[in-house]
$ cat coords_22.cif   # mmCIF, N, CA and C atoms
data_coords
loop_
_atom_site.group_PDB
_atom_site.id
_atom_site.type_symbol
_atom_site.label_atom_id
_atom_site.label_comp_id
_atom_site.auth_asym_id
_atom_site.auth_seq_id
_atom_site.Cartn_x
_atom_site.Cartn_y
_atom_site.Cartn_z
ATOM 1 N N GLN A 29 2.524 14.258 30.865
ATOM 2 C CA GLN A 29 2.588 15.612 30.316
ATOM 3 C C GLN A 29 1.472 15.765 29.290
ATOM 4 N N PRO A 30 0.806 16.919 29.286
ATOM 5 C CA PRO A 30 -0.308 17.104 28.350
ATOM 6 C C PRO A 30 0.176 17.168 26.907
ATOM 7 N N LEU A 31 -0.683 16.767 26.020
ATOM 8 C CA LEU A 31 -0.370 16.844 24.598
ATOM 9 C C LEU A 31 -0.336 18.328 24.236
ATOM 10 N N VAL A 32 0.809 18.814 23.837
ATOM 11 C CA VAL A 32 0.983 20.231 23.537
ATOM 12 C C VAL A 32 0.015 20.642 22.432
ATOM 13 N N ARG A 33 -0.612 21.819 22.591
ATOM 14 C CA ARG A 33 -1.611 22.282 21.617
ATOM 15 C C ARG A 33 -1.079 22.283 20.189
ATOM 16 N N GLN A 34 0.122 22.745 20.012
ATOM 17 C CA GLN A 34 0.708 22.804 18.672
ATOM 18 C C GLN A 34 0.828 21.393 18.093
ATOM 19 N N ARG A 35 1.275 20.452 18.935
ATOM 20 C CA ARG A 35 1.421 19.064 18.488
ATOM 21 C C ARG A 35 0.051 18.474 18.177
ATOM 22 N N LEU A 36 -0.931 18.781 19.009
ATOM 23 C CA LEU A 36 -2.293 18.300 18.784
ATOM 24 C C LEU A 36 -2.830 18.878 17.471
ATOM 25 N N GLY A 37 -2.581 20.148 17.227
ATOM 26 C CA GLY A 37 -2.995 20.779 15.976
ATOM 27 C C GLY A 37 -2.378 20.099 14.776
ATOM 28 N N THR A 38 -1.105 19.739 14.890
ATOM 29 C CA THR A 38 -0.394 19.041 13.813
ATOM 30 C C THR A 38 -1.052 17.692 13.541
ATOM 31 N N VAL A 39 -1.394 16.981 14.613
ATOM 32 C CA VAL A 39 -2.026 15.665 14.485
ATOM 33 C C VAL A 39 -3.409 15.788 13.847
ATOM 34 N N ILE A 40 -4.195 16.761 14.289
ATOM 35 C CA ILE A 40 -5.539 16.974 13.730
ATOM 36 C C ILE A 40 -5.425 17.304 12.239
ATOM 37 N N ASP A 41 -4.491 18.186 11.886
ATOM 38 C CA ASP A 41 -4.270 18.528 10.473
ATOM 39 C C ASP A 41 -3.885 17.284 9.669
ATOM 40 N N TYR A 42 -3.021 16.468 10.249
ATOM 41 C CA TYR A 42 -2.570 15.238 9.578
ATOM 42 C C TYR A 42 -3.761 14.314 9.330
ATOM 43 N N ILE A 43 -4.585 14.133 10.343
ATOM 44 C CA ILE A 43 -5.767 13.271 10.220
ATOM 45 C C ILE A 43 -6.704 13.820 9.145
ATOM 46 N N GLU A 44 -6.982 15.121 9.196
ATOM 47 C CA GLU A 44 -7.889 15.742 8.222
ATOM 48 C C GLU A 44 -7.385 15.564 6.791
ATOM 49 N N THR A 45 -6.081 15.711 6.605
ATOM 50 C CA THR A 45 -5.469 15.585 5.288
ATOM 51 C C THR A 45 -5.526 14.155 4.768
ATOM 52 N N HIS A 46 -5.527 13.187 5.684
ATOM 53 C CA HIS A 46 -5.454 11.775 5.296
ATOM 54 C C HIS A 46 -6.727 10.987 5.608
ATOM 55 N N LEU A 47 -7.870 11.658 5.694
ATOM 56 C CA LEU A 47 -9.119 10.972 6.054
ATOM 57 C C LEU A 47 -9.495 9.840 5.106
ATOM 58 N N THR A 48 -9.156 9.971 3.842
ATOM 59 C CA THR A 48 -9.530 8.913 2.897
ATOM 60 C C THR A 48 -8.422 7.874 2.745
ATOM 61 N N ALA A 49 -7.314 8.065 3.440
ATOM 62 C CA ALA A 49 -6.203 7.105 3.395
ATOM 63 C C ALA A 49 -6.395 6.048 4.478
ATOM 64 N N ASP A 50 -5.605 4.992 4.399
ATOM 65 C CA ASP A 50 -5.634 3.939 5.407
ATOM 66 C C ASP A 50 -4.730 4.388 6.552
ATOM 67 N N LEU A 51 -5.299 5.154 7.474
ATOM 68 C CA LEU A 51 -4.532 5.716 8.584
ATOM 69 C C LEU A 51 -4.257 4.677 9.651
ATOM 70 N N SER A 52 -3.007 4.527 10.025
ATOM 71 C CA SER A 52 -2.687 3.623 11.125
ATOM 72 C C SER A 52 -2.334 4.446 12.355
ATOM 73 N N LEU A 53 -2.521 3.845 13.504
ATOM 74 C CA LEU A 53 -2.165 4.506 14.755
ATOM 75 C C LEU A 53 -0.680 4.857 14.761
ATOM 76 N N SER A 54 0.139 3.975 14.197
ATOM 77 C CA SER A 54 1.584 4.227 14.131
ATOM 78 C C SER A 54 1.895 5.498 13.366
ATOM 79 N N GLU A 55 1.229 5.683 12.223
ATOM 80 C CA GLU A 55 1.462 6.881 11.403
ATOM 81 C C GLU A 55 1.076 8.146 12.148
ATOM 82 N N VAL A 56 -0.082 8.123 12.772
ATOM 83 C CA VAL A 56 -0.569 9.316 13.469
ATOM 84 C C VAL A 56 0.309 9.609 14.682
ATOM 85 N N ALA A 57 0.702 8.574 15.406
ATOM 86 C CA ALA A 57 1.599 8.759 16.551
ATOM 87 C C ALA A 57 2.939 9.326 16.095
ATOM 88 N N LEU A 58 3.420 8.839 14.956
ATOM 89 C CA LEU A 58 4.669 9.334 14.399
ATOM 90 C C LEU A 58 4.551 10.825 14.055
ATOM 91 N N ALA A 59 3.406 11.209 13.505
ATOM 92 C CA ALA A 59 3.167 12.629 13.192
ATOM 93 C C ALA A 59 3.208 13.473 14.459
ATOM 94 N N ALA A 60 2.820 12.867 15.581
ATOM 95 C CA ALA A 60 2.846 13.570 16.871
ATOM 96 C C ALA A 60 4.208 13.474 17.538
ATOM 97 N N GLY A 61 5.055 12.586 17.028
ATOM 98 C CA GLY A 61 6.375 12.396 17.628
ATOM 99 C C GLY A 61 6.334 11.643 18.941
ATOM 100 N N LEU A 62 5.354 10.735 19.065
ATOM 101 C CA LEU A 62 5.181 9.974 20.307
ATOM 102 C C LEU A 62 5.032 8.486 20.004
ATOM 103 N N SER A 63 5.209 7.668 21.035
ATOM 104 C CA SER A 63 4.936 6.241 20.886
ATOM 105 C C SER A 63 3.423 6.052 20.747
ATOM 106 N N LYS A 64 3.012 4.913 20.174
ATOM 107 C CA LYS A 64 1.582 4.644 19.986
ATOM 108 C C LYS A 64 0.834 4.702 21.317
ATOM 109 N N PHE A 65 1.390 4.047 22.324
ATOM 110 C CA PHE A 65 0.731 3.983 23.628
ATOM 111 C C PHE A 65 0.592 5.375 24.236
ATOM 112 N N HIS A 66 1.693 6.103 24.268
ATOM 113 C CA HIS A 66 1.709 7.438 24.864
ATOM 114 C C HIS A 66 0.770 8.369 24.100
ATOM 115 N N PHE A 67 0.842 8.309 22.783
ATOM 116 C CA PHE A 67 -0.018 9.144 21.950
ATOM 117 C C PHE A 67 -1.493 8.842 22.209
ATOM 118 N N SER A 68 -1.865 7.571 22.206
ATOM 119 C CA SER A 68 -3.268 7.178 22.414
ATOM 120 C C SER A 68 -3.810 7.709 23.730
ATOM 121 N N ARG A 69 -3.014 7.552 24.763
ATOM 122 C CA ARG A 69 -3.422 7.996 26.095
ATOM 123 C C ARG A 69 -3.611 9.512 26.139
ATOM 124 N N LEU A 70 -2.645 10.251 25.603
ATOM 125 C CA LEU A 70 -2.702 11.708 25.623
ATOM 126 C C LEU A 70 -3.805 12.242 24.706
ATOM 127 N N PHE A 71 -3.988 11.601 23.557
ATOM 128 C CA PHE A 71 -5.024 12.025 22.620
ATOM 129 C C PHE A 71 -6.399 11.877 23.267
ATOM 130 N N LYS A 72 -6.640 10.728 23.881
ATOM 131 C CA LYS A 72 -7.944 10.494 24.521
ATOM 132 C C LYS A 72 -8.179 11.493 25.653
ATOM 133 N N ALA A 73 -7.127 11.806 26.405
ATOM 134 C CA ALA A 73 -7.252 12.773 27.489
ATOM 135 C C ALA A 73 -7.583 14.170 26.942
ATOM 136 N N ALA A 74 -6.996 14.525 25.810
ATOM 137 C CA ALA A 74 -7.183 15.859 25.239
ATOM 138 C C ALA A 74 -8.502 16.002 24.472
ATOM 139 N N ILE A 75 -8.892 14.962 23.738
ATOM 140 C CA ILE A 75 -10.039 15.042 22.831
ATOM 141 C C ILE A 75 -11.288 14.368 23.409
ATOM 142 N N GLY A 76 -11.087 13.352 24.250
ATOM 143 C CA GLY A 76 -12.221 12.629 24.816
ATOM 144 C C GLY A 76 -12.623 11.408 24.007
ATOM 145 N N LEU A 77 -11.903 11.152 22.924
ATOM 146 C CA LEU A 77 -12.133 9.976 22.088
ATOM 147 C C LEU A 77 -10.791 9.315 21.816
ATOM 148 N N THR A 78 -10.815 8.014 21.539
ATOM 149 C CA THR A 78 -9.573 7.358 21.115
ATOM 150 C C THR A 78 -9.241 7.884 19.720
ATOM 151 N N PRO A 79 -7.996 7.772 19.286
ATOM 152 C CA PRO A 79 -7.672 8.213 17.924
ATOM 153 C C PRO A 79 -8.568 7.533 16.877
ATOM 154 N N HIS A 80 -8.831 6.240 17.044
ATOM 155 C CA HIS A 80 -9.674 5.513 16.096
ATOM 156 C C HIS A 80 -11.097 6.077 16.070
ATOM 157 N N GLN A 81 -11.672 6.319 17.239
ATOM 158 C CA GLN A 81 -13.026 6.875 17.322
ATOM 159 C C GLN A 81 -13.081 8.252 16.657
ATOM 160 N N TYR A 82 -12.047 9.049 16.904
ATOM 161 C CA TYR A 82 -11.985 10.392 16.325
ATOM 162 C C TYR A 82 -11.918 10.326 14.799
ATOM 163 N N VAL A 83 -11.071 9.448 14.270
ATOM 164 C CA VAL A 83 -10.928 9.309 12.814
ATOM 165 C C VAL A 83 -12.257 8.860 12.205
ATOM 166 N N LEU A 84 -12.912 7.880 12.821
ATOM 167 C CA LEU A 84 -14.213 7.428 12.310
ATOM 168 C C LEU A 84 -15.228 8.568 12.306
ATOM 169 N N LYS A 85 -15.270 9.316 13.389
ATOM 170 C CA LYS A 85 -16.211 10.442 13.500
ATOM 171 C C LYS A 85 -15.942 11.470 12.409
ATOM 172 N N ARG A 86 -14.679 11.819 12.195
ATOM 173 C CA ARG A 86 -14.327 12.809 11.169
ATOM 174 C C ARG A 86 -14.622 12.281 9.772
ATOM 175 N N ARG A 87 -14.397 10.989 9.545
ATOM 176 C CA ARG A 87 -14.716 10.410 8.234
ATOM 177 C C ARG A 87 -16.210 10.503 7.967
ATOM 178 N N ILE A 88 -17.013 10.212 8.969
ATOM 179 C CA ILE A 88 -18.465 10.278 8.820
ATOM 180 C C ILE A 88 -18.904 11.723 8.587
ATOM 181 N N GLU A 89 -18.330 12.661 9.328
ATOM 182 C CA GLU A 89 -18.684 14.078 9.135
ATOM 183 C C GLU A 89 -18.361 14.523 7.713
ATOM 184 N N ARG A 90 -17.187 14.162 7.218
ATOM 185 C CA ARG A 90 -16.786 14.540 5.856
ATOM 186 C C ARG A 90 -17.667 13.829 4.830
ATOM 187 N N ALA A 91 -17.953 12.548 5.076
ATOM 188 C CA ALA A 91 -18.821 11.791 4.171
ATOM 189 C C ALA A 91 -20.224 12.399 4.138
ATOM 190 N N ALA A 92 -20.710 12.834 5.284
ATOM 191 C CA ALA A 92 -22.038 13.447 5.366
ATOM 192 C C ALA A 92 -22.103 14.706 4.510
ATOM 193 N N THR A 93 -21.052 15.491 4.529
ATOM 194 C CA THR A 93 -20.989 16.702 3.712
ATOM 195 C C THR A 93 -21.095 16.346 2.230
ATOM 196 N N ILE A 94 -20.378 15.316 1.826
ATOM 197 C CA ILE A 94 -20.409 14.874 0.428
ATOM 198 C C ILE A 94 -21.796 14.347 0.061
ATOM 199 N N LEU A 95 -22.371 13.532 0.940
ATOM 200 C CA LEU A 95 -23.698 12.959 0.664
ATOM 201 C C LEU A 95 -24.761 14.050 0.537
ATOM 202 N N ARG A 96 -24.630 15.091 1.321
ATOM 203 C CA ARG A 96 -25.623 16.160 1.299
ATOM 204 C C ARG A 96 -25.483 17.032 0.047
ATOM 205 N N LYS A 97 -24.238 17.239 -0.401
ATOM 206 C CA LYS A 97 -23.988 18.166 -1.508
ATOM 207 C C LYS A 97 -24.003 17.525 -2.887
ATOM 208 N N GLU A 98 -23.596 16.272 -2.970
ATOM 209 C CA GLU A 98 -23.407 15.654 -4.275
ATOM 210 C C GLU A 98 -24.364 14.486 -4.476
ATOM 211 N N ASP A 99 -24.690 14.242 -5.729
ATOM 212 C CA ASP A 99 -25.522 13.091 -6.066
ATOM 213 C C ASP A 99 -24.579 11.910 -6.289
ATOM 214 N N VAL A 100 -24.264 11.227 -5.204
ATOM 215 C CA VAL A 100 -23.289 10.144 -5.251
ATOM 216 C C VAL A 100 -23.837 8.948 -4.481
ATOM 217 N N ALA A 101 -23.474 7.762 -4.916
ATOM 218 C CA ALA A 101 -23.968 6.542 -4.265
ATOM 219 C C ALA A 101 -23.349 6.396 -2.875
ATOM 220 N N ILE A 102 -24.142 5.939 -1.933
ATOM 221 C CA ILE A 102 -23.675 5.716 -0.560
ATOM 222 C C ILE A 102 -22.498 4.742 -0.563
ATOM 223 N N ALA A 103 -22.603 3.691 -1.364
ATOM 224 C CA ALA A 103 -21.528 2.688 -1.435
ATOM 225 C C ALA A 103 -20.219 3.321 -1.903
ATOM 226 N N GLN A 104 -20.315 4.255 -2.833
ATOM 227 C CA GLN A 104 -19.126 4.938 -3.349
ATOM 228 C C GLN A 104 -18.461 5.772 -2.257
ATOM 229 N N VAL A 105 -19.255 6.482 -1.479
ATOM 230 C CA VAL A 105 -18.725 7.294 -0.384
ATOM 231 C C VAL A 105 -18.123 6.387 0.684
ATOM 232 N N ALA A 106 -18.797 5.289 0.977
ATOM 233 C CA ALA A 106 -18.282 4.322 1.961
ATOM 234 C C ALA A 106 -16.897 3.846 1.548
ATOM 235 N N GLN A 107 -16.748 3.504 0.279
ATOM 236 C CA GLN A 107 -15.464 3.021 -0.235
ATOM 237 C C GLN A 107 -14.416 4.130 -0.186
ATOM 238 N N GLN A 108 -14.808 5.341 -0.564
ATOM 239 C CA GLN A 108 -13.887 6.486 -0.577
ATOM 240 C C GLN A 108 -13.261 6.720 0.800
ATOM 241 N N PHE A 109 -14.047 6.504 1.856
ATOM 242 C CA PHE A 109 -13.554 6.750 3.208
ATOM 243 C C PHE A 109 -13.053 5.492 3.912
ATOM 244 N N GLY A 110 -12.834 4.434 3.142
ATOM 245 C CA GLY A 110 -12.149 3.260 3.662
ATOM 246 C C GLY A 110 -12.976 2.284 4.474
ATOM 247 N N PHE A 111 -14.296 2.349 4.352
ATOM 248 C CA PHE A 111 -15.128 1.385 5.064
ATOM 249 C C PHE A 111 -15.170 0.083 4.282
ATOM 250 N N ALA A 112 -15.208 -1.027 4.990
ATOM 251 C CA ALA A 112 -15.158 -2.353 4.370
ATOM 252 C C ALA A 112 -16.286 -2.545 3.364
ATOM 253 N N ASP A 113 -17.469 -2.055 3.713
ATOM 254 C CA ASP A 113 -18.627 -2.166 2.828
ATOM 255 C C ASP A 113 -19.679 -1.154 3.257
ATOM 256 N N GLN A 114 -20.758 -1.096 2.495
ATOM 257 C CA GLN A 114 -21.796 -0.109 2.781
ATOM 258 C C GLN A 114 -22.478 -0.353 4.128
ATOM 259 N N SER A 115 -22.629 -1.610 4.522
ATOM 260 C CA SER A 115 -23.301 -1.876 5.800
ATOM 261 C C SER A 115 -22.446 -1.420 6.982
ATOM 262 N N HIS A 116 -21.130 -1.579 6.887
ATOM 263 C CA HIS A 116 -20.234 -1.081 7.941
ATOM 264 C C HIS A 116 -20.330 0.442 8.009
ATOM 265 N N PHE A 117 -20.299 1.081 6.853
ATOM 266 C CA PHE A 117 -20.430 2.541 6.776
ATOM 267 C C PHE A 117 -21.751 2.984 7.402
ATOM 268 N N THR A 118 -22.830 2.308 7.041
ATOM 269 C CA THR A 118 -24.162 2.663 7.549
ATOM 270 C C THR A 118 -24.223 2.525 9.069
ATOM 271 N N ARG A 119 -23.631 1.451 9.605
ATOM 272 C CA ARG A 119 -23.603 1.240 11.064
ATOM 273 C C ARG A 119 -22.885 2.382 11.774
ATOM 274 N N VAL A 120 -21.691 2.717 11.294
ATOM 275 C CA VAL A 120 -20.897 3.777 11.926
ATOM 276 C C VAL A 120 -21.585 5.132 11.724
ATOM 277 N N PHE A 121 -22.129 5.356 10.545
ATOM 278 C CA PHE A 121 -22.839 6.607 10.255
ATOM 279 C C PHE A 121 -23.980 6.798 11.249
ATOM 280 N N LYS A 122 -24.739 5.732 11.471
ATOM 281 C CA LYS A 122 -25.877 5.805 12.397
ATOM 282 C C LYS A 122 -25.418 6.077 13.827
ATOM 283 N N GLN A 123 -24.289 5.487 14.228
ATOM 284 C CA GLN A 123 -23.747 5.738 15.575
ATOM 285 C C GLN A 123 -23.377 7.214 15.735
ATOM 286 N N VAL A 124 -22.777 7.783 14.711
ATOM 287 C CA VAL A 124 -22.300 9.170 14.789
ATOM 288 C C VAL A 124 -23.427 10.181 14.578
ATOM 289 N N LYS A 125 -24.273 9.955 13.569
ATOM 290 C CA LYS A 125 -25.289 10.937 13.185
ATOM 291 C C LYS A 125 -26.689 10.640 13.731
ATOM 292 N N GLY A 126 -26.893 9.437 14.264
ATOM 293 C CA GLY A 126 -28.204 9.102 14.824
ATOM 294 C C GLY A 126 -29.248 8.697 13.790
ATOM 295 N N MET A 127 -28.817 8.520 12.549
ATOM 296 C CA MET A 127 -29.723 8.075 11.482
ATOM 297 C C MET A 127 -28.890 7.437 10.379
ATOM 298 N N THR A 128 -29.565 6.711 9.506
ATOM 299 C CA THR A 128 -28.860 6.073 8.396
ATOM 300 C C THR A 128 -28.490 7.130 7.349
ATOM 301 N N PRO A 129 -27.511 6.819 6.491
ATOM 302 C CA PRO A 129 -27.163 7.757 5.420
ATOM 303 C C PRO A 129 -28.361 8.088 4.516
ATOM 304 N N LYS A 130 -29.207 7.092 4.247
ATOM 305 C CA LYS A 130 -30.377 7.294 3.383
ATOM 306 C C LYS A 130 -31.307 8.350 3.985
ATOM 307 N N LEU A 131 -31.603 8.226 5.277
ATOM 308 C CA LEU A 131 -32.449 9.217 5.948
ATOM 309 C C LEU A 131 -31.778 10.588 5.977
ATOM 310 N N PHE A 132 -30.469 10.580 6.207
ATOM 311 C CA PHE A 132 -29.704 11.834 6.259
ATOM 312 C C PHE A 132 -29.814 12.573 4.916
ATOM 313 N N ILE A 133 -29.665 11.839 3.812
ATOM 314 C CA ILE A 133 -29.740 12.438 2.475
ATOM 315 C C ILE A 133 -31.126 13.046 2.238
ATOM 316 N N LYS A 134 -32.151 12.359 2.728
ATOM 317 C CA LYS A 134 -33.516 12.848 2.550
ATOM 318 C C LYS A 134 -33.791 14.086 3.419
ATOM 319 N N GLY A 135 -32.874 14.369 4.353
ATOM 320 C CA GLY A 135 -33.022 15.586 5.158
ATOM 321 C C GLY A 135 -33.829 15.418 6.437
ATOM 322 N N HIS A 136 -33.941 14.188 6.909
ATOM 323 C CA HIS A 136 -34.683 13.943 8.159
ATOM 324 C C HIS A 136 -33.828 14.224 9.367
#

$ encode --input "coords_22.cif" --output "structure tokens"
Amino acid sequence: QPLVRQRLGTVIDYIETHLTADLSLSEVALAAGLSKFHFSRLFKAAIGLTPHQYVLKRRIERAATILRKEDVAIAQVAQQFGFADQSHFTRVFKQVKGMTPKLFIKGH
């Protein structure tokens, strides 16, 4: 059965609200009212990304907004969004945005 739009909206809102928290698949599945397995399968079918990939992408998008608007250290933003360290953040940032955070800040 397809992930109901309303339920998907609830899950997206939950993820957006908790982007800087340590989000677990169990928590997000619970917000959807589904088992982890069922939720993961339906989420990927609806969005085209696994829940983990989606959360990482949204964290990078939100972090990019902060990096562009505020004079803040990359390491600080990495920590704020739950990345293990700045190099992990930089790797994921580059995968999502196609450039490093440093280049992104410079406006390239």

$ atom_distance --input "coords_22.cif" --atom1 "atom CA of A:Val124" --atom2 "atom CA of A:Val56"
21.8 Å

$ resolve_selection --input "coords_22.cif" --expression "the PyMOL selection byres (((chain A and resi 82 and name CA) around 12) and name CA)" --output "list in words"
Val39, Ile40, Ile43, Glu44, Leu47, Leu51, Leu53, Val56, Ser68, Phe71, Lys72, Ala74, Ile75, Gly76, Leu77, Thr78, Pro79, His80, Gln81, Val83, Leu84, Lys85, Arg86, Arg87, Ile88, Glu89, Val120 and Val124 of chain A

$ atom_distance --input "coords_22.cif" --atom1 "atom CA of A:Arg69" --atom2 "atom N of A:Gln34"
16.3 Å

$ select_by_dssp --input "coords_22.cif" --residues "stretch 36-134 of chain A" --states "helix (DSSP H, G or I)" --output "VMD selection string"
chain A and resid 36 to 45 53 to 60 64 to 75 79 to 97 102 to 108 114 to 125 129 to 134

$ residues_around --input "coords_22.cif" --residues "stretch 102-106 of chain A" --least-positions-apart "4" --cutoff "8 Å" --atoms "only N, CA and C atoms" --output "PyMOL selection string"
chain A and resi 91+94-95+110-118+129-130

$ atom_distance --input "coords_22.cif" --atom1 "atom C of A:Gly135" --atom2 "atom CA of A:His46"
28.6 Å

$ axis_aligned_box --input "coords_22.cif" --around "stretch 93-102 of chain A" --padding-each-side "3 Å" --output "lines of an AutoDock Vina configuration file"
center_x = -23.0
center_y = 11.5
center_z = -0.9
size_x = 11.2
size_y = 19.4
size_z = 16.8
